[in-house]
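Engineer: I am attaching a structure below and will ask some questions about it afterwards.
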Number of protein chains: 2
Amino acid sequence: MENWIKAETSFEDIVISSRVRLARNLQNYSFPNKLDTHKGREVVAIVEEAFYKSAYMEENFESIYMWDNDDITNKSFLEKHLISDKLIVNKDRATFIKDSNETISIMINEEDHLRLQCIVGGLNLKEAYNEINKIDNLLEESLDFAYDKDLGYLTTCPTNVGTGLRASVMVHLPALTKSGAIDGMINMLSKMGLTIRGLFGEGSKGYGNIYQISNQVTLGPSEEEIIDNLLAVINNIISEEKSAREKYMKSYGHETKDSIMRSLGILRYANVITSKEALNLLSYVRLGVEVGIIKDIDKKLLNSLMVDILSSTMQLKAGLTMSEKERDIKRAEIIRNSLK
Amino acid sequence: MENWIKAETSFEDIVISSRVRLARNLQNYSFPNKLDTHKGREVVAIVEEAFYKSAYMEENFESIYMWDNDDITNKSFLEKHLISDKLIVNKDRATFIKDSNETISIMINEEDHLRLQCIVGGLNLKEAYNEINKIDNLLEESLDFAYDKDLGYLTTCPTNVGTGLRASVMVHLPALTKSGAIDGMINMLSKMGLTIRGLFGEGSKGYGNIYQISNQVTLGPSEEEIIDNLLAVINNIISEEKSAREKYMKSYGHETKDSIMRSLGILRYANVITSKEALNLLSYVRLGVEVGIIKDIDKKLLNSLMVDILSSTMQLKAGLTMSEKERDIKRAEIIRNSLK
């Protein structure tokens, strides 16, 4: 399974990544928000004991203790979508276990005791589900999960009760955004029990024309039904985006090419740039690569750049704390060097 | 004397060109607005007879009869600042005589019977005046100019009576424009009897941050006084613009560099561009070359590009009539190829 940041995806890159996560809680402990530091770390130890049973797990996974790290380091995991911000809030007792490839992340003491997550490049929801299901089975051999025979898995927030499964897909929809069709789509999806959010959750709608689409209902349908339902919707959105792109290229060929090439020009020449502007311009460059207008840029580069220019990842790599202005200058430099 | 479009100028290119023109009228003819086609062309013949006396003049100058040309050809002369739009309005009886270098233009049947103009690169008002003065003397040997011993040369519009001289300078003032100081300067200049206008006259203020500054008073001071007065003001404006640039580079170094480099990036990558946007971006590229931020672009190229991307010049060179959209596409192509 390929890390989404490094993956060369199919579907003309409309789908950037697929993510599946399961919420689980231990029978004999209060939910994480009721745990103090001491009790919380006890949960960490119990989960680790259950997880690192084999030499294989020891070799391929490692624990990251949130309390050991500074904020920049922790936020850089967030920027890679490896953890959630709730894990940072609970940093005194929170931990996550990740594989060397950074596709799997087992968050401990997030909103629930366990959030098992697999995030991979492209439209690979089933594969991600299978991966995370294996880990779930492994842990269930040694741990007593809070489970009700009528409701299913019990969770801190009632919206996660049942399967505890949330499947989500990160999609790049520049043409649907530009045409305005995205707004109708958001309405339609919410009526179907799905949620659509921006790249960084609520309030980041349209950043880089990237959206996360996920299921809202966890109680009732089976895991397979949730994933199949989401897959059907995503395939629909993919073909909508494709025809919107075709329409744009046909009706506004020169203008579309102009937006794409200007975006590349600005990224190659800017000396100061915010992450929001950079993501939006990178979105058009991505579109340009996908529709064949830009030929000299490696598609893989764009995914990694999308993360590398984020504030904490950038500061972590540079090994220093930077002011907002310094970051905008450094970001422009990273982009110029990458897109040379 | 160098054609302004091809000149490599000093003064850090703040002064793009200098222009001097004299208004003269023939004693025995009504002013051009009162002449019919037949009478008007009689004036043309009389002026030509007086002008082409020597083999030297025959060899180095040629007459362009406005009535022989289509609109695109005539407008392209306007875009090179070789003629005024009034000459196009009077095209049935208007002509101009130009040298092969296109620095001198003797307009016949513009607002006055004769408008003798010399336009050269850089701050060279005196040199331009000397050139045009020679032509004036030559013509005066054979022609009877309308002259009043108290008022001086008589002209169609009273604002030109006296010396009939208008001296003007085309200046590039990006820093004074950006800082907003240009507005105070416009007020100050008008109080001093000077006029400041945009690149294409009234209503084009700030196009490419380029302004034309000229004397308004023609009656009273001598030719030398008019030119010395304008020169003093221009030298003042040059030092104001220089210190505004220094201040900008000191206080907003990164942002200024960013604007300059983004302008170059857009010009090198755009696929559709209006002349107004192109002129504004070229202005920042020019600034970049002048302050040493851009090193790989020949300064001379920017002056010629400033004319080559104008609608009529572009269509004339391409040998075809283009719609507005086609021109915007062609313009972007010309710029991309030139700035490669």
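Here's how to read the names in the structure tokens: chain A, B, ... by the order shown, residue numbers from 1 in each chain, ligand numbers from 1 in the order shown.
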Provide as a PyMOL selection string the residues of chain B at most 9 Å from chain A, counting only C-alpha atoms.
Structural biologist: chain B and resi 254-255+257-273+329
Engineer: Fewer than 4 positions away in the same chain doesn't count, so skip those; otherwise give me all residues within 10 Å of region 311-323 of chain A, counting only C-alpha atoms, as a ChimeraX atom specification.
Structural biologist: /A:71-80,274-275,307,327-331,334
Engineer: If we count only C-alpha atoms, what is near Cys118 (chain B) at a cut-off of 7 Å, once residues fewer than 3 positions away on the same chain are taken out, given as an MDAnalysis selection string?
Structural biologist: chainID B and resid 19:21 103:105 128 132
Engineer: Please write the residues from the selection above to a file, keeping all heavy atoms, as an mmCIF file, in the first residue's frame.
Structural biologist:
data_model
loop_
_atom_site.group_PDB
_atom_site.id
_atom_site.type_symbol
_atom_site.label_atom_id
_atom_site.label_comp_id
_atom_site.auth_asym_id
_atom_site.auth_seq_id
_atom_site.Cartn_x
_atom_site.Cartn_y
_atom_site.Cartn_z
ATOM 1 N N ARG B 19 10.158 64.238 -26.252
ATOM 2 C CA ARG B 19 9.524 64.637 -27.490
ATOM 3 C C ARG B 19 9.399 66.156 -27.524
ATOM 4 O O ARG B 19 9.066 66.782 -26.520
ATOM 5 C CB ARG B 19 8.119 64.014 -27.555
ATOM 6 C CG ARG B 19 7.419 64.164 -28.887
ATOM 7 C CD ARG B 19 6.155 63.318 -28.895
ATOM 8 N NE ARG B 19 5.163 63.893 -28.019
ATOM 9 C CZ ARG B 19 4.098 64.573 -28.447
ATOM 10 N NH1 ARG B 19 3.893 64.749 -29.741
ATOM 11 N NH2 ARG B 19 3.229 65.050 -27.588
ATOM 12 N N VAL B 20 9.695 66.722 -28.678
ATOM 13 C CA VAL B 20 9.489 68.158 -28.871
ATOM 14 C C VAL B 20 8.684 68.323 -30.141
ATOM 15 O O VAL B 20 8.965 67.656 -31.137
ATOM 16 C CB VAL B 20 10.844 68.902 -29.007
ATOM 17 C CG1 VAL B 20 10.622 70.344 -29.455
ATOM 18 C CG2 VAL B 20 11.597 68.874 -27.679
ATOM 19 N N ARG B 21 7.668 69.184 -30.107
ATOM 20 C CA ARG B 21 6.959 69.461 -31.351
ATOM 21 C C ARG B 21 6.673 70.953 -31.478
ATOM 22 O O ARG B 21 6.467 71.656 -30.490
ATOM 23 C CB ARG B 21 5.685 68.627 -31.470
ATOM 24 C CG ARG B 21 4.580 68.998 -30.520
ATOM 25 C CD ARG B 21 3.441 69.700 -31.246
ATOM 26 N NE ARG B 21 2.307 69.851 -30.370
ATOM 27 C CZ ARG B 21 1.884 71.019 -29.908
ATOM 28 N NH1 ARG B 21 2.533 72.124 -30.195
ATOM 29 N NH2 ARG B 21 0.817 71.081 -29.130
ATOM 30 N N THR B 103 12.497 58.973 -35.854
ATOM 31 C CA THR B 103 12.589 59.901 -34.714
ATOM 32 C C THR B 103 11.903 61.221 -35.069
ATOM 33 O O THR B 103 11.429 61.923 -34.191
ATOM 34 C CB THR B 103 14.055 60.199 -34.320
ATOM 35 O OG1 THR B 103 14.749 60.726 -35.459
ATOM 36 C CG2 THR B 103 14.770 58.949 -33.848
ATOM 37 N N ILE B 104 11.885 61.537 -36.371
ATOM 38 C CA ILE B 104 11.268 62.797 -36.808
ATOM 39 C C ILE B 104 9.978 62.502 -37.567
ATOM 40 O O ILE B 104 9.924 61.569 -38.368
ATOM 41 C CB ILE B 104 12.253 63.598 -37.685
ATOM 42 C CG1 ILE B 104 13.383 64.134 -36.788
ATOM 43 C CG2 ILE B 104 11.545 64.748 -38.414
ATOM 44 C CD1 ILE B 104 14.530 64.729 -37.531
ATOM 45 N N SER B 105 8.968 63.311 -37.284
ATOM 46 C CA SER B 105 7.699 63.170 -37.995
ATOM 47 C C SER B 105 7.125 64.558 -38.224
ATOM 48 O O SER B 105 6.912 65.309 -37.263
ATOM 49 C CB SER B 105 6.748 62.314 -37.156
ATOM 50 O OG SER B 105 5.429 62.481 -37.611
ATOM 51 N N ALA B 128 16.495 66.911 -29.040
ATOM 52 C CA ALA B 128 15.288 66.795 -29.863
ATOM 53 C C ALA B 128 14.874 68.175 -30.378
ATOM 54 O O ALA B 128 14.489 68.331 -31.536
ATOM 55 C CB ALA B 128 14.159 66.164 -29.051
ATOM 56 N N ILE B 132 14.576 69.434 -34.408
ATOM 57 C CA ILE B 132 13.327 69.904 -34.998
ATOM 58 C C ILE B 132 13.445 71.371 -35.414
ATOM 59 O O ILE B 132 12.817 71.820 -36.375
ATOM 60 C CB ILE B 132 12.137 69.637 -34.034
ATOM 61 C CG1 ILE B 132 10.891 69.320 -34.849
ATOM 62 C CG2 ILE B 132 11.885 70.743 -33.055
ATOM 63 C CD1 ILE B 132 11.007 68.099 -35.722
#
Engineer: From the set B:Leu282, B:Tyr252, B:Glu241, B:Ser30, which residue has the shortest atom-to-atom contact distance to Gly180 (chain B), counting only C-alpha atoms?
Structural biologist: B:Glu241
Engineer: Using backbone DSSP assignments, extract all strand (DSSP E) residues from region 69-179 of chain B; output them as a ChimeraX atom specification.
Structural biologist: /B:95-99,104-108,114-121,147-148,152-153,165-172
Engineer: Now that the selection is made, can you save its residues with C-alpha atoms as a short mmCIF file (atom, residue, chain, number, x, y, z; two decimals), in the first residue's frame?
Structural biologist:
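Ended up saving to selection.cif:
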data_model
loop_
_atom_site.label_atom_id
_atom_site.label_comp_id
_atom_site.auth_asym_id
_atom_site.auth_seq_id
_atom_site.Cartn_x
_atom_site.Cartn_y
_atom_site.Cartn_z
CA THR B 95 0.16 63.18 -44.42
CA PHE B 96 3.33 62.85 -42.44
CA ILE B 97 6.95 62.89 -43.43
CA LYS B 98 9.24 60.65 -41.39
CA ASP B 99 12.92 59.78 -41.40
CA ILE B 104 11.27 62.80 -36.81
CA SER B 105 7.70 63.17 -38.00
CA ILE B 106 6.32 66.19 -39.82
CA MET B 107 2.56 65.94 -39.62
CA ILE B 108 0.67 67.87 -42.28
CA LEU B 114 2.34 71.60 -39.63
CA ARG B 115 3.27 69.73 -36.52
CA LEU B 116 7.02 69.14 -36.51
CA GLN B 117 7.89 66.43 -34.03
CA CYS B 118 11.08 64.81 -32.85
CA ILE B 119 10.84 61.88 -30.40
CA VAL B 120 13.98 60.20 -29.07
CA GLY B 121 14.96 57.76 -26.35
CA TYR B 147 3.20 84.91 -37.47
CA ASP B 148 2.26 87.92 -35.37
CA GLY B 152 4.41 84.85 -32.19
CA TYR B 153 3.33 81.87 -34.29
CA LEU B 165 6.32 74.48 -28.81
CA ARG B 166 5.31 71.55 -26.71
CA ALA B 167 8.05 69.58 -24.99
CA SER B 168 7.15 66.33 -23.29
CA VAL B 169 8.83 63.49 -21.54
CA MET B 170 7.59 59.94 -21.07
CA VAL B 171 8.54 58.72 -17.59
CA HIS B 172 8.22 55.38 -15.80
#
Engineer: List the spatial neighbours of Lys126 (chain B) as a list in words - criterion: any atom at most 9 Å away, only C-alpha atoms, same-chain residues fewer than 4 positions off excluded.
Structural biologist: Val20, Asn130, Glu131, Glu224, Ile227 and Asp228 of chain B
Engineer: Quick one: residues within 10 Å of Lys53 (chain B), only C-alpha atoms counted, chain neighbours fewer than 3 positions away excluded, as JSON, numbers by chain?
Structural biologist: {"B": [48, 49, 50, 56, 57, 58, 138, 139, 142]}
Engineer: Please measure the separation of CA of Leu154 (chain B) and CA of Glu62 (chain B), giving the value in Å to one decimal.
Structural biologist: 27.0 Å
Engineer: Please provide as a JSON list (two decimals) with N, CA and C atoms, in the first residue's frame all residues within 9 Å of Asp36 (chain A), with the sequence filter that same-chain residues fewer than 5 positions apart are discarded (counting only C-alpha atoms).
Structural biologist:
[["chain", "number", "residue", "atom", "x", "y", "z"],
["A", 41, "ARG", "N", -1.96, 6.96, 30.36],
["A", 41, "ARG", "CA", -0.74, 6.27, 29.91],
["A", 41, "ARG", "C", -0.80, 4.76, 30.19],
["A", 92, "ASP", "N", -0.79, 15.02, 26.70],
["A", 92, "ASP", "CA", -0.18, 14.48, 27.94],
["A", 92, "ASP", "C", -0.36, 12.96, 28.06],
["A", 93, "ARG", "N", -1.39, 12.41, 27.39],
["A", 93, "ARG", "CA", -1.65, 10.97, 27.49],
["A", 93, "ARG", "C", -1.84, 10.29, 26.13]]
Engineer: Determine which residues of region 164-196 of chain A DSSP labels as alpha helix (DSSP H) from the backbone of this structure, then write them out as a ChimeraX atom specification.
Structural biologist: /A:174-179,181-191
Engineer: Take the residues just selected and output them with N, CA and C atoms as a CSV table (one decimal), in the first residue's frame.
Structural biologist:
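Contents of result_18.csv, as written:
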chain,number,residue,atom,x,y,z
A,174,PRO,N,-11.3,20.7,-9.1
A,174,PRO,CA,-11.1,22.1,-9.6
A,174,PRO,C,-12.3,22.6,-10.5
A,175,ALA,N,-12.7,21.6,-11.4
A,175,ALA,CA,-13.7,22.0,-12.4
A,175,ALA,C,-15.1,22.2,-11.8
A,176,LEU,N,-15.4,21.3,-10.9
A,176,LEU,CA,-16.7,21.4,-10.2
A,176,LEU,C,-16.7,22.7,-9.3
A,177,THR,N,-15.6,23.0,-8.7
A,177,THR,CA,-15.5,24.2,-7.9
A,177,THR,C,-15.6,25.4,-8.7
A,178,LYS,N,-14.9,25.5,-9.8
A,178,LYS,CA,-14.9,26.6,-10.7
A,178,LYS,C,-16.3,26.9,-11.3
A,179,SER,N,-17.0,25.8,-11.6
A,179,SER,CA,-18.4,25.9,-12.2
A,179,SER,C,-19.4,26.2,-11.2
A,181,ALA,N,-20.8,24.0,-9.3
A,181,ALA,CA,-21.6,22.9,-9.1
A,181,ALA,C,-21.3,22.2,-7.7
A,182,ILE,N,-20.2,22.5,-7.1
A,182,ILE,CA,-19.8,21.9,-5.9
A,182,ILE,C,-20.9,22.2,-4.8
A,183,ASP,N,-21.5,23.4,-4.8
A,183,ASP,CA,-22.4,23.7,-3.8
A,183,ASP,C,-23.7,22.8,-3.8
A,184,GLY,N,-24.2,22.5,-5.0
A,184,GLY,CA,-25.3,21.6,-5.1
A,184,GLY,C,-24.9,20.2,-4.6
A,185,MET,N,-23.7,19.9,-4.9
A,185,MET,CA,-23.2,18.5,-4.6
A,185,MET,C,-23.1,18.4,-3.0
A,186,ILE,N,-22.7,19.4,-2.4
A,186,ILE,CA,-22.6,19.4,-0.9
A,186,ILE,C,-23.9,19.1,-0.3
A,187,ASN,N,-24.9,19.8,-0.8
A,187,ASN,CA,-26.3,19.6,-0.3
A,187,ASN,C,-26.8,18.2,-0.6
A,188,MET,N,-26.5,17.7,-1.8
A,188,MET,CA,-27.0,16.3,-2.2
A,188,MET,C,-26.3,15.3,-1.3
A,189,LEU,N,-25.0,15.5,-1.0
A,189,LEU,CA,-24.2,14.5,-0.2
A,189,LEU,C,-24.8,14.4,1.2
A,190,SER,N,-25.1,15.6,1.8
A,190,SER,CA,-25.5,15.6,3.2
A,190,SER,C,-26.9,14.9,3.3
A,191,LYS,N,-27.7,15.0,2.2
A,191,LYS,CA,-29.0,14.3,2.2
A,191,LYS,C,-28.8,12.8,2.1
Engineer: Could you check how far CA of Asp144 (chain B) sits from CA of Gly40 (chain B), in Å to one decimal?
Structural biologist: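 CA of Gly40 (chain B) lies 16.4 Å from CA of Asp144 (chain B).
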Engineer: Could you please determine the separation between CA of Glu324 (chain A) and CA of Gly253 (chain B) in Å, to one decimal place?
Structural biologist: 16.0 Å
Engineer: So that I can check the surroundings of Lys86 (chain A), please list as a PDB file with N, CA and C atoms, in the first residue's frame every protein, DNA and RNA residue that reaches within 9 Å of it, counting only C-alpha atoms and ignoring chain neighbours fewer than 6 positions away.
Structural biologist:
ATOM      1  N   ASN A 109      -5.919   7.261  22.850  1.00  0.00           N
ATOM      2  CA  ASN A 109      -6.440   8.404  23.604  1.00  0.00           C
ATOM      3  C   ASN A 109      -6.692   9.632  22.746  1.00  0.00           C
ATOM      4  N   GLU A 110      -7.261   9.389  21.611  1.00  0.00           N
ATOM      5  CA  GLU A 110      -7.875  10.478  20.851  1.00  0.00           C
ATOM      6  C   GLU A 110      -9.251  10.658  21.496  1.00  0.00           C
ATOM      7  N   GLU A 111     -10.292  10.883  20.767  1.00  0.00           N
ATOM      8  CA  GLU A 111     -11.621  10.987  21.387  1.00  0.00           C
ATOM      9  C   GLU A 111     -12.016   9.633  21.988  1.00  0.00           C
TER      10      GLU A 111
END
Engineer: Can you work out which one of B:Ala146, B:Met192, B:Ala232, B:Leu302 has the shortest atom-to-atom distance to Gly208 (chain B), counting only C-alpha atoms?
Structural biologist: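 Closest candidate: B:Leu302.
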